[in-house]
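Trainee: Okay, handing you the structure first.
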Amino acid sequence: MFKIFVLTALLAFACADNINKDAEVLSFKNDPADAEGNYAYAFETSNGIQQQEAGNPAGVAGSYEFVSPEGEKFLVSYTADENGFQPTGDHLPTPPPVPEAILKALEYIASHPPAEENYRK
């Protein structure tokens with residue numbers, strides 16, 4: 001299912017107006033799934049698109065790179081497994097840091113567990 005999503009995304013990139021429609025495939029490697037479900041593929045085009053992925057029934061890992069209309073390169077690395085799709089990239093948003101007061105409160109709670117007599121049985 002994930003491969004279909006990725007291939008659809010690549011098709012969308014290829015159909016976008018800002019992409020060089022005369023781009024050529026510079027390299028292509030495809031290792032179809034073996035009896036255990038292990039597979040890998042990779043490709044690169046002349047307009048700066050690159051993708052590689054390897055996977056098995058337990059999950060996949062890969063990355064893709066493309067150039068924005070402004071000429072900026074974007075790289076996304078990802079894993080997809082029992083924990084879901086987990087992308088990483090410098091351009092992706094990240095959560096803000098946990099405030100210091102919250103960290104101190106969590107440390108206090110961890111070091112001072114409630115007494116058992118406070119629990120109702």
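A note on labels: chains of the structure tokens are A, B, ... as shown, every chain counts residues from 1, and ligands are counted from 1 in their shown order.
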Taking the chain letters and numbering used in this document, name the residues of chain A that DSSP puts in alpha helix (DSSP H), as a list in words.
Mentor: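 Filtering chain A down to alpha helix (DSSP H) leaves Phe2, Lys3, Ile4, Phe5, Val6, Leu7, Thr8, Ala9, Leu10, Leu11, Ala12, Phe13, Ala14, Cys15, Glu100, Ala101, Ile102, Leu103, Lys104, Ala105, Leu106, Glu107, Tyr108, Ile109, Ala110 and Ser111 of chain A.
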Trainee: With a distance cut-off of 8 Å and only C-alpha atoms, select the neighbouring residues of Asn56 in chain A, excluding the residue or stretch itself and same-chain residues fewer than 6 positions from it, and output the selection as a PyMOL selection string.
Mentor: chain A and resi 36-39
Trainee: Between CA of Ala80 in chain A and CA of Pro97 in chain A, what distance in Å does the model show, to one decimal?
Mentor: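 Spanning CA of Ala80 in chain A to CA of Pro97 in chain A is a straight-line distance of 24.7 Å.
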Trainee: Near Asn30 in chain A, counting only C-alpha atoms, which residues have an atom at most 12 Å away, once you skip same-chain residues fewer than 2 positions from it, shown as an NGL selection string?
Mentor: :A and (27-28 or 32-34 or 38-43 or 51-54)
Trainee: Could those residues be written to a file, using C-alpha atoms, as an mmCIF file, in the first residue's frame?
Mentor:
data_model
loop_
_atom_site.group_PDB
_atom_site.id
_atom_site.type_symbol
_atom_site.label_atom_id
_atom_site.label_comp_id
_atom_site.auth_asym_id
_atom_site.auth_seq_id
_atom_site.Cartn_x
_atom_site.Cartn_y
_atom_site.Cartn_z
ATOM 1 C CA SER A 27 19.698 5.644 -13.147
ATOM 2 C CA PHE A 28 17.152 3.007 -12.218
ATOM 3 C CA PRO A 32 11.420 -6.990 -6.918
ATOM 4 C CA ALA A 33 10.154 -8.708 -3.805
ATOM 5 C CA ASP A 34 11.690 -12.092 -3.111
ATOM 6 C CA ASN A 38 12.323 -8.140 0.715
ATOM 7 C CA TYR A 39 12.537 -5.550 -2.054
ATOM 8 C CA ALA A 40 14.489 -2.445 -3.050
ATOM 9 C CA TYR A 41 14.374 0.186 -5.732
ATOM 10 C CA ALA A 42 16.110 3.447 -6.561
ATOM 11 C CA PHE A 43 16.084 5.983 -9.345
ATOM 12 C CA GLN A 51 14.331 8.207 -4.552
ATOM 13 C CA GLN A 52 15.455 4.995 -2.917
ATOM 14 C CA GLU A 53 13.578 2.543 -0.751
ATOM 15 C CA ALA A 54 14.130 -0.904 0.694
#
Trainee: How far is it from CA of Thr88 in chain A to CA of Gly55 in chain A, in Å with one decimal?
Mentor: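 Straight-line distance from CA of Thr88 in chain A to CA of Gly55 in chain A works out to 17.5 Å.
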Trainee: Between A:Thr94, A:Asn20, A:Thr79, A:Ser111, which has the minimum distance to Ile49 in chain A (counting only C-alpha atoms)?
Mentor: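 That would be A:Asn20, the residue with the smallest distance to Ile49 in chain A.
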Trainee: Pick the closest to Gln50 in chain A from A:Val98, A:Tyr78, A:Ser68, A:Val25: which is it, counting only C-alpha atoms?
Mentor: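 Closest to Gln50 in chain A, using only C-alpha atoms: A:Val25.
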Trainee: Using only C-alpha atoms, determine which residues lie at most 12 Å from Gln86 in chain A, disregarding the query and same-chain residues fewer than 4 positions distant; provide the list as a count of residues only.
Mentor: 13
Trainee: For Pro69 in chain A, which residue among A:Asn47, A:His112, A:His91, A:Lys104 is the nearest when counting only C-alpha atoms?
Mentor: A:Asn47
Trainee: Between CA of Ser46 in chain A and CA of Leu26 in chain A, measure the distance and give it in Å to one decimal.
Mentor: 6.1 Å
